[in-house]
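Structure, as structure tokens:
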There are 2 protein chains.
Amino acid sequence: MARIVTDDAIRDTLSMREVVKTMRMACREQAHGSLYAPPRWSLDVPDGSLVLTAGAAMGVGTMGFRAYETLGRGPGHQGLVAVWNAEAGYFDGCIVGNRVGLLRTAGLNGVAAGALAREDARTLAVLGTGPQARQGARAVCAVRDIDTVRVFSPTSDHRETFAERMPEKLDLPAEAVTAHDDPEPVVRGADVVYVATDSEEPVLEADWLDAGTHVHTLGPKWADGHELPREVFDRTDVVATDSLDQVAAYEDEGGFVVDDWDERVVELGPLVVEGVERDPEALTVFCSVGLAGTEVVLGDRYLRELEREGN
Amino acid sequence: MARIVTDDAIRDTLSMREVVKTMRMACREQAHGSLYAPPRWSLDVPDGSLVLTAGAAMGVGTMGFRAYETLGRGPGHQGLVAVWNAEAGYFDGCIVGNRVGLLRTAGLNGVAAGALAREDARTLAVLGTGPQARQGARAVCAVRDIDTVRVFSPTSDHRETFAERMPEKLDLPAEAVTAHDDPEPVVRGADVVYVATDSEEPVLEADWLDAGTHVHTLGPKWADGHELPREVFDRTDVVATDSLDQVAAYEDEGGFVVDDWDERVVELGPLVVEGVERDPEALTVFCSVGLAGTEVVLGDRYLRELEREGN
């Protein structure tokens with residue numbers, strides 16, 4: 001019998017460490033060619049779209065898709081992840097809501113931080129306070145012994161709420177997480193900088209970043225609208241992404257922030273499989289695009305865990 | 001809150017008359033250009049596919065898709081229909097199973113029978129005994145005062161079970177439904193002939209059909225594999241289908257049974273809107289291809305009805 005649950009049912013089902021581990025497995029499948037992730041597909045209606053990103057991971061033996069709408073006049077962009085067994089051919093179930101999509105993105109960033117951030121990283125800077133920023137902070141803390149988190153948001157309420165609520169989520173003392181109204185002291189001296197805003201103007205300056213810092217960018221990455229300044233990319237030898245195919249798709253819509261991405265940007269899957277020799281003085285950047293197919297791998301992992309728990 | 005149900009929950013939710021009415025509304029939207037039905041899309045994995053047929057009906061204000069797998073080693077090809085509100089942008093819910101797909105096909109055939117069968121049709125011939133044949137018989141009985149049903153299947157068990165169980169479903173006395181081991185006496189003299197087999201060889205001969213008969217074909221319709229003989233199409237002036245776009249797609253896979261379909265085949269939507277002046281001596285044929293998008297319209301109708309009933 002197929003299992004059908006909502007976001008609420010999976011809230012405490014997997015630790016972030018387990019989410020990152022599951023996404024690392026998906027990256028390995030990508031590197032080995034057993035992850036199928038065709039370009040996203042959409043049904044366009046007058047004021048928006050229904051977007052479908054399908055995927056299959058034949059190592060795990062799962063296939064399915066995430067679907068969500070972009071009309072967004074209801075309570076959030078509501079969607080679901082549906083999962084089939086890709087070997088025996090039955091419907092495993094679905095998870096209604098947006099949590100799987102959110103967590104797989106955080107999980108992939110956790111994989112990237114695990115591969116690229118210095119082992120001795122202790123300080124995390126977070127720019128942005130939305131769900132991606134909050135789950136991203138959890139993901140970085142799941143792979144490195146972070147003891148200090150500084151957050152910036154231009155909105156006082158947002159940054160204060162982040163500083164108030166996140167210590168518990170990150171298993172840190174209250175004083176370890178601080179809110180700031182200026183991004184510069186947040187970024188300066190940080191070992192990992194997590195940028196998850198919706199800004200199309202750069203939210204930091206490249207010379208605030210120390211050598212050896214690892215940077216994540218989740219927000220706008222267009223040629224003519226990006227949250228990270230181009231100088232950050234100029235300063236680094238390692239620019240990684242979770243999907244070169246999806247980076248290539250930026251071409252159709254105005255271009256990617258890194259002009260020569262096809263020569264410079266490397267994919268996370270091979271990095272995970274082959275490992276990275278990290279120069280401690282190198283700046284590294286992870287451009288998060290949300291590798292298609294990974295929602296299904298994570299959805300499958302949740303459904304299996306719920307089954308194991310007898311829920 | 002999104003409503004998530006399985007096939008069992010919708011078994012007795014709508015009468016076949018209501019299903020046909022809902023599909024007639026979808027046909028009207030098609031004729032008026034407010035039904036969006038892009039070509040189906042699939043994710044191909046080593047031994048099969050995950051198939052997605054999306055659609056939107058902006059008159060009703062609904063959008064979504066049907067998804068099903070073709071691996072089929074599990075218990076049936078399991079799928080689901082997912083429905084969003086296409087105006088306000090929220091997820092309405094989903095129906096897990098195959099019943100909506102099955103019933104919308106029957107419903108569309110009911111619309112076709114309502115538009116093309118003679119008003120005084122009383123006798124129905126059914127070739128095939130599967131779910132499509134059974135629901136199709138219900139659909140024809142929902143639009144015409146059928147008093148006699150004759151069924152043919154080469155398999156004795158199948159035809160006997162059909163004759164035993166269908167009278168109740170069709171609201172007919174037991175003796176009104178009879179099973180036959182020869183298709184000829186089933187077809188001869190029938191006013192409506194419903195062909196729903198998986199045969200790629202013709203299952204009837206054109207000269208068994210009286211003038212004025214209306215024929216449905218749901219099974220194979222390939223140029224080189226079809227359940228209706230080509231002579232049936234040669235004898236008729238009215239060949240209709242629920243989707244010319246989907247008939248056109250046959251070209252890519254070996255051709256449609258009607259060579260000059262682009263000149264001869266008409267679409268059901270305009271027939272419903274404009275009405276048909278039926279020559280009582282004409283043979284009419286409906287080629288059922290399963291207009292994409294209609295699963296969503298019917299799924300939406302079911303979810304609304306469940307809400308109305310407070311389930």
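Every chain in the structure tokens takes a letter, A first, then B, and so on in the order presented; its residues are numbered from 1, and the ligands are numbered from 1 following the presented order.
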
Practice prompt. Identify, with DSSP run on backbone atoms, the residues in stretch 39-68 of chain B assigned to strand (DSSP E), and express the list as a ChimeraX atom specification.
Written response: /B:41-45,48-57,62-68

Could you take the residues named above and write them with N, CA and C atoms, as a PDB file, in the first residue's frame?
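Output file part_18.pdb follows:
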```pdb
ATOM      1  N   TRP B  41       4.770  13.334 -21.432  1.00  0.00           N
ATOM      2  CA  TRP B  41       6.197  13.446 -21.168  1.00  0.00           C
ATOM      3  C   TRP B  41       6.585  12.210 -20.380  1.00  0.00           C
ATOM      4  N   SER B  42       7.779  11.693 -20.617  1.00  0.00           N
ATOM      5  CA  SER B  42       8.135  10.527 -19.818  1.00  0.00           C
ATOM      6  C   SER B  42       9.579  10.552 -19.371  1.00  0.00           C
ATOM      7  N   LEU B  43       9.783   9.931 -18.230  1.00  0.00           N
ATOM      8  CA  LEU B  43      11.123   9.696 -17.702  1.00  0.00           C
ATOM      9  C   LEU B  43      11.424   8.237 -17.998  1.00  0.00           C
ATOM     10  N   ASP B  44      12.444   7.998 -18.821  1.00  0.00           N
ATOM     11  CA  ASP B  44      12.735   6.628 -19.215  1.00  0.00           C
ATOM     12  C   ASP B  44      13.841   6.046 -18.345  1.00  0.00           C
ATOM     13  N   VAL B  45      13.554   4.913 -17.741  1.00  0.00           N
ATOM     14  CA  VAL B  45      14.555   4.199 -16.946  1.00  0.00           C
ATOM     15  C   VAL B  45      14.815   2.871 -17.663  1.00  0.00           C
ATOM     16  N   GLY B  48      11.518   0.603 -18.366  1.00  0.00           N
ATOM     17  CA  GLY B  48      10.181   1.167 -18.525  1.00  0.00           C
ATOM     18  C   GLY B  48      10.224   2.674 -18.393  1.00  0.00           C
ATOM     19  N   SER B  49       9.087   3.240 -18.090  1.00  0.00           N
ATOM     20  CA  SER B  49       8.994   4.700 -18.010  1.00  0.00           C
ATOM     21  C   SER B  49       8.056   5.125 -16.897  1.00  0.00           C
ATOM     22  N   LEU B  50       8.252   6.360 -16.499  1.00  0.00           N
ATOM     23  CA  LEU B  50       7.267   7.049 -15.681  1.00  0.00           C
ATOM     24  C   LEU B  50       6.638   8.060 -16.633  1.00  0.00           C
ATOM     25  N   VAL B  51       5.337   7.946 -16.861  1.00  0.00           N
ATOM     26  CA  VAL B  51       4.670   8.774 -17.861  1.00  0.00           C
ATOM     27  C   VAL B  51       3.848   9.855 -17.171  1.00  0.00           C
ATOM     28  N   LEU B  52       3.951  11.073 -17.671  1.00  0.00           N
ATOM     29  CA  LEU B  52       3.211  12.185 -17.089  1.00  0.00           C
ATOM     30  C   LEU B  52       2.359  12.836 -18.166  1.00  0.00           C
ATOM     31  N   THR B  53       1.067  12.921 -17.932  1.00  0.00           N
ATOM     32  CA  THR B  53       0.208  13.681 -18.838  1.00  0.00           C
ATOM     33  C   THR B  53      -0.397  14.817 -18.023  1.00  0.00           C
ATOM     34  N   ALA B  54       0.034  16.012 -18.378  1.00  0.00           N
ATOM     35  CA  ALA B  54      -0.424  17.178 -17.634  1.00  0.00           C
ATOM     36  C   ALA B  54      -1.563  17.847 -18.371  1.00  0.00           C
ATOM     37  N   GLY B  55      -2.307  18.656 -17.659  1.00  0.00           N
ATOM     38  CA  GLY B  55      -3.380  19.382 -18.308  1.00  0.00           C
ATOM     39  C   GLY B  55      -3.958  20.434 -17.386  1.00  0.00           C
ATOM     40  N   ALA B  56      -4.632  21.384 -18.009  1.00  0.00           N
ATOM     41  CA  ALA B  56      -5.306  22.428 -17.242  1.00  0.00           C
ATOM     42  C   ALA B  56      -6.591  22.792 -17.953  1.00  0.00           C
ATOM     43  N   ALA B  57      -7.609  23.099 -17.192  1.00  0.00           N
ATOM     44  CA  ALA B  57      -8.879  23.575 -17.749  1.00  0.00           C
ATOM     45  C   ALA B  57      -9.151  24.898 -17.059  1.00  0.00           C
ATOM     46  N   THR B  62      -8.659  24.540 -13.012  1.00  0.00           N
ATOM     47  CA  THR B  62      -7.899  23.460 -12.393  1.00  0.00           C
ATOM     48  C   THR B  62      -6.716  23.087 -13.275  1.00  0.00           C
ATOM     49  N   MET B  63      -5.660  22.599 -12.650  1.00  0.00           N
ATOM     50  CA  MET B  63      -4.520  22.103 -13.427  1.00  0.00           C
ATOM     51  C   MET B  63      -3.866  20.967 -12.654  1.00  0.00           C
ATOM     52  N   GLY B  64      -3.094  20.152 -13.348  1.00  0.00           N
ATOM     53  CA  GLY B  64      -2.450  19.037 -12.680  1.00  0.00           C
ATOM     54  C   GLY B  64      -1.972  18.029 -13.685  1.00  0.00           C
ATOM     55  N   PHE B  65      -1.892  16.791 -13.261  1.00  0.00           N
ATOM     56  CA  PHE B  65      -1.404  15.760 -14.167  1.00  0.00           C
ATOM     57  C   PHE B  65      -1.806  14.387 -13.654  1.00  0.00           C
ATOM     58  N   ARG B  66      -1.694  13.418 -14.556  1.00  0.00           N
ATOM     59  CA  ARG B  66      -1.764  12.013 -14.192  1.00  0.00           C
ATOM     60  C   ARG B  66      -0.365  11.455 -14.383  1.00  0.00           C
ATOM     61  N   ALA B  67       0.067  10.614 -13.480  1.00  0.00           N
ATOM     62  CA  ALA B  67       1.372   9.966 -13.608  1.00  0.00           C
ATOM     63  C   ALA B  67       1.183   8.469 -13.415  1.00  0.00           C
ATOM     64  N   TYR B  68       1.870   7.693 -14.231  1.00  0.00           N
ATOM     65  CA  TYR B  68       1.805   6.233 -14.046  1.00  0.00           C
ATOM     66  C   TYR B  68       3.083   5.616 -14.592  1.00  0.00           C
TER      67      TYR B  68
END
```

Item to complete: Can you check which residues of chain A have any atom within 8 Å of chain B? Use only C-alpha atoms and format it as a VMD selection string.
Response: chain A and resid 4 36 38 43 45 47 50 54 to 56 58 63 to 64 69 to 79 84 86 to 91

Please produce a file of the residues just selected, as a JSON list (two decimals), in the first residue's frame, where the atoms kept are C-alpha atoms.
```json
[["chain", "number", "residue", "atom", "x", "y", "z"],
["A", 4, "ILE", "CA", 0.79, 9.27, 1.59],
["A", 36, "TYR", "CA", 18.48, 10.13, -14.32],
["A", 38, "PRO", "CA", 15.97, 15.09, -17.47],
["A", 43, "LEU", "CA", 2.66, 23.15, -18.00],
["A", 45, "VAL", "CA", -1.23, 28.37, -17.79],
["A", 47, "ASP", "CA", -0.59, 33.30, -14.81],
["A", 50, "LEU", "CA", 2.97, 23.70, -12.95],
["A", 54, "ALA", "CA", 11.45, 14.05, -12.59],
["A", 55, "GLY", "CA", 14.29, 11.79, -11.66],
["A", 56, "ALA", "CA", 15.38, 8.25, -11.02],
["A", 58, "MET", "CA", 18.75, 3.19, -10.30],
["A", 63, "MET", "CA", 11.96, 7.03, -9.59],
["A", 64, "GLY", "CA", 9.43, 9.82, -9.43],
["A", 69, "GLU", "CA", 3.06, 25.50, -8.96],
["A", 70, "THR", "CA", 4.37, 29.02, -9.48],
["A", 71, "LEU", "CA", 1.05, 30.86, -9.26],
["A", 72, "GLY", "CA", 1.69, 31.41, -5.62],
["A", 73, "ARG", "CA", -1.44, 33.24, -4.66],
["A", 74, "GLY", "CA", -2.40, 30.50, -2.24],
["A", 75, "PRO", "CA", -0.57, 29.74, 0.99],
["A", 76, "GLY", "CA", 2.90, 29.19, -0.48],
["A", 77, "HIS", "CA", 3.87, 27.34, -3.61],
["A", 78, "GLN", "CA", 2.38, 23.99, -2.83],
["A", 79, "GLY", "CA", 3.77, 20.82, -4.23],
["A", 84, "TRP", "CA", 7.73, 4.83, -7.45],
["A", 86, "ALA", "CA", 11.89, 1.78, -10.30],
["A", 87, "GLU", "CA", 12.54, -1.95, -10.39],
["A", 88, "ALA", "CA", 9.32, -3.69, -9.45],
["A", 89, "GLY", "CA", 7.16, -0.89, -10.76],
["A", 90, "TYR", "CA", 4.79, 0.04, -7.97],
["A", 91, "PHE", "CA", 3.83, 3.37, -6.47]]
```

Discussion item. If we count only C-alpha atoms and set the cut-off at 10 Å, which residues sit around A:Asp171, ignoring sequence neighbours fewer than 6 positions away in its own chain? Please answer as a ChimeraX atom specification.
Written reply: /A:138,141,147

Discussion item. One decimal, in Å: what's the spacing between atom CA of A:Asp181 and atom CA of A:Ser156?
Written reply: 7.3 Å

Worksheet item: Within 12 Å of stretch 27-29 of chain B, counting only C-alpha atoms, which residues qualify if same-chain residues fewer than 3 places away don't, as a PyMOL selection string?
Response: chain B and resi 20-24+32-37+55-62+104+107-112+115+241-243+267-275+290-294+297-298

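Nearest residue to B:Lys169, choosing from B:Gly310, B:Pro183, B:Gly219, B:Gly136 and counting only C-alpha atoms: B:Gly136.
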
Residues of stretch 77-124 of chain B in helix (DSSP H, G or I), written as an mmCIF file with C-alpha atoms, in the first residue's frame:
```cif
data_model
loop_
_atom_site.group_PDB
_atom_site.id
_atom_site.type_symbol
_atom_site.label_atom_id
_atom_site.label_comp_id
_atom_site.auth_asym_id
_atom_site.auth_seq_id
_atom_site.Cartn_x
_atom_site.Cartn_y
_atom_site.Cartn_z
ATOM 1 C CA ARG B 99 -9.656 4.764 -11.510
ATOM 2 C CA VAL B 100 -9.731 8.395 -12.636
ATOM 3 C CA GLY B 101 -7.790 7.541 -15.805
ATOM 4 C CA LEU B 102 -10.142 4.644 -16.527
ATOM 5 C CA LEU B 103 -13.308 6.647 -15.892
ATOM 6 C CA ARG B 104 -12.340 9.718 -17.864
ATOM 7 C CA THR B 105 -11.803 7.429 -20.888
ATOM 8 C CA ALA B 106 -15.214 5.853 -20.370
ATOM 9 C CA GLY B 107 -16.687 9.312 -19.811
ATOM 10 C CA LEU B 108 -15.232 10.667 -23.063
ATOM 11 C CA ASN B 109 -16.700 7.676 -24.889
ATOM 12 C CA GLY B 110 -20.009 8.472 -23.227
ATOM 13 C CA VAL B 111 -19.774 12.013 -24.596
ATOM 14 C CA ALA B 112 -19.048 10.575 -28.058
ATOM 15 C CA ALA B 113 -21.972 8.136 -27.854
ATOM 16 C CA GLY B 114 -24.205 11.000 -26.745
ATOM 17 C CA ALA B 115 -23.142 13.046 -29.760
ATOM 18 C CA LEU B 116 -23.003 10.308 -32.398
#
```

Item to complete: List the neighbours of stretch 259-262 of chain B out to 12 Å using only C-alpha atoms; skip same-chain residues closer than 5 positions along the sequence, and give me the result as a PyMOL selection string.
Response: chain B and resi 221-224+230+233-234+237-241+243-251+254+267+287

Grab the residues selected above and save them as a PDB file, in the first residue's frame with N, CA and C atoms.
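So the final result, stored in out10.pdb, reads:
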```
ATOM      1  N   LYS B 221      -4.868   0.985 -32.530  1.00  0.00           N
ATOM      2  CA  LYS B 221      -5.309   1.774 -33.696  1.00  0.00           C
ATOM      3  C   LYS B 221      -4.113   2.118 -34.573  1.00  0.00           C
ATOM      4  N   TRP B 222      -3.114   1.254 -34.590  1.00  0.00           N
ATOM      5  CA  TRP B 222      -1.917   1.491 -35.402  1.00  0.00           C
ATOM      6  C   TRP B 222      -2.195   1.180 -36.872  1.00  0.00           C
ATOM      7  N   ALA B 223      -1.380   1.760 -37.748  1.00  0.00           N
ATOM      8  CA  ALA B 223      -1.493   1.467 -39.170  1.00  0.00           C
ATOM      9  C   ALA B 223      -1.334  -0.040 -39.402  1.00  0.00           C
ATOM     10  N   ASP B 224      -0.403  -0.654 -38.687  1.00  0.00           N
ATOM     11  CA  ASP B 224      -0.171  -2.085 -38.934  1.00  0.00           C
ATOM     12  C   ASP B 224      -0.608  -2.968 -37.769  1.00  0.00           C
ATOM     13  N   ARG B 230      -9.909  -1.839 -41.496  1.00  0.00           N
ATOM     14  CA  ARG B 230      -9.873  -0.568 -42.229  1.00  0.00           C
ATOM     15  C   ARG B 230     -11.183  -0.311 -42.971  1.00  0.00           C
ATOM     16  N   PHE B 233     -13.682   2.093 -41.523  1.00  0.00           N
ATOM     17  CA  PHE B 233     -13.426   3.526 -41.752  1.00  0.00           C
ATOM     18  C   PHE B 233     -13.803   3.929 -43.180  1.00  0.00           C
ATOM     19  N   ASP B 234     -13.597   2.996 -44.129  1.00  0.00           N
ATOM     20  CA  ASP B 234     -13.958   3.294 -45.519  1.00  0.00           C
ATOM     21  C   ASP B 234     -15.460   3.492 -45.667  1.00  0.00           C
ATOM     22  N   ASP B 237     -18.603   8.318 -43.001  1.00  0.00           N
ATOM     23  CA  ASP B 237     -18.240   9.713 -43.258  1.00  0.00           C
ATOM     24  C   ASP B 237     -17.841  10.422 -41.980  1.00  0.00           C
ATOM     25  N   VAL B 238     -18.242   9.871 -40.846  1.00  0.00           N
ATOM     26  CA  VAL B 238     -17.944  10.547 -39.578  1.00  0.00           C
ATOM     27  C   VAL B 238     -16.985   9.710 -38.741  1.00  0.00           C
ATOM     28  N   VAL B 239     -15.726  10.110 -38.729  1.00  0.00           N
ATOM     29  CA  VAL B 239     -14.752   9.515 -37.813  1.00  0.00           C
ATOM     30  C   VAL B 239     -14.341  10.621 -36.857  1.00  0.00           C
ATOM     31  N   ALA B 240     -14.606  10.408 -35.575  1.00  0.00           N
ATOM     32  CA  ALA B 240     -14.269  11.433 -34.582  1.00  0.00           C
ATOM     33  C   ALA B 240     -13.210  10.893 -33.628  1.00  0.00           C
ATOM     34  N   THR B 241     -12.535  11.809 -32.968  1.00  0.00           N
ATOM     35  CA  THR B 241     -11.582  11.423 -31.926  1.00  0.00           C
ATOM     36  C   THR B 241     -11.632  12.486 -30.846  1.00  0.00           C
ATOM     37  N   SER B 243      -8.846  13.701 -29.488  1.00  0.00           N
ATOM     38  CA  SER B 243      -7.696  14.601 -29.632  1.00  0.00           C
ATOM     39  C   SER B 243      -6.971  14.380 -30.950  1.00  0.00           C
ATOM     40  N   LEU B 244      -7.039  15.348 -31.825  1.00  0.00           N
ATOM     41  CA  LEU B 244      -6.285  15.270 -33.083  1.00  0.00           C
ATOM     42  C   LEU B 244      -4.786  15.363 -32.818  1.00  0.00           C
ATOM     43  N   ASP B 245      -4.391  16.149 -31.821  1.00  0.00           N
ATOM     44  CA  ASP B 245      -2.960  16.224 -31.478  1.00  0.00           C
ATOM     45  C   ASP B 245      -2.430  14.835 -31.132  1.00  0.00           C
ATOM     46  N   GLN B 246      -3.217  14.090 -30.372  1.00  0.00           N
ATOM     47  CA  GLN B 246      -2.752  12.776 -29.952  1.00  0.00           C
ATOM     48  C   GLN B 246      -2.811  11.764 -31.108  1.00  0.00           C
ATOM     49  N   VAL B 247      -3.776  11.928 -32.004  1.00  0.00           N
ATOM     50  CA  VAL B 247      -3.790  11.097 -33.217  1.00  0.00           C
ATOM     51  C   VAL B 247      -2.537  11.404 -34.041  1.00  0.00           C
ATOM     52  N   ALA B 248      -2.199  12.694 -34.139  1.00  0.00           N
ATOM     53  CA  ALA B 248      -1.007  13.087 -34.909  1.00  0.00           C
ATOM     54  C   ALA B 248       0.251  12.415 -34.349  1.00  0.00           C
ATOM     55  N   ALA B 249       0.274  12.229 -33.038  1.00  0.00           N
ATOM     56  CA  ALA B 249       1.454  11.634 -32.406  1.00  0.00           C
ATOM     57  C   ALA B 249       1.672  10.174 -32.830  1.00  0.00           C
ATOM     58  N   TYR B 250       0.633   9.527 -33.377  1.00  0.00           N
ATOM     59  CA  TYR B 250       0.787   8.154 -33.887  1.00  0.00           C
ATOM     60  C   TYR B 250       1.826   8.099 -35.007  1.00  0.00           C
ATOM     61  N   GLU B 251       1.932   9.222 -35.757  1.00  0.00           N
ATOM     62  CA  GLU B 251       2.885   9.272 -36.877  1.00  0.00           C
ATOM     63  C   GLU B 251       4.285   8.848 -36.451  1.00  0.00           C
ATOM     64  N   GLY B 254       4.674   4.802 -36.120  1.00  0.00           N
ATOM     65  CA  GLY B 254       4.267   3.825 -37.125  1.00  0.00           C
ATOM     66  C   GLY B 254       2.969   4.128 -37.851  1.00  0.00           C
ATOM     67  N   GLU B 267     -12.762  16.395 -34.402  1.00  0.00           N
ATOM     68  CA  GLU B 267     -12.544  16.370 -32.963  1.00  0.00           C
ATOM     69  C   GLU B 267     -13.874  16.466 -32.205  1.00  0.00           C
ATOM     70  N   CYS B 287     -12.789   7.180 -32.367  1.00  0.00           N
ATOM     71  CA  CYS B 287     -11.471   6.644 -32.038  1.00  0.00           C
ATOM     72  C   CYS B 287     -11.010   7.271 -30.734  1.00  0.00           C
TER      73      CYS B 287
END
```

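Distances from B:Gln132, B:Thr155, B:Thr213, B:Thr13 to B:Glu119 were compared using only C-alpha atoms, and the smallest one belongs to B:Thr213.
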
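Residues with any atom within 6 Å of B:Val285, counting only C-alpha atoms and excluding same-chain neighbours fewer than 3 positions away, are His214, Val215, His216 and Val239 of chain B.
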
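Interatomic distance, atom CA of B:Asp12 to atom CA of B:Leu303: 12.8 Å.
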
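For the residues A:Ser15, A:Thr123, A:Asn98, A:Ser199, ranking by smallest atom-to-atom distance to A:Arg144 using only C-alpha atoms places A:Thr123 first.
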
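Straight-line separation from atom CA of B:Val83 to atom CA of A:Glu305: 26.8 Å.
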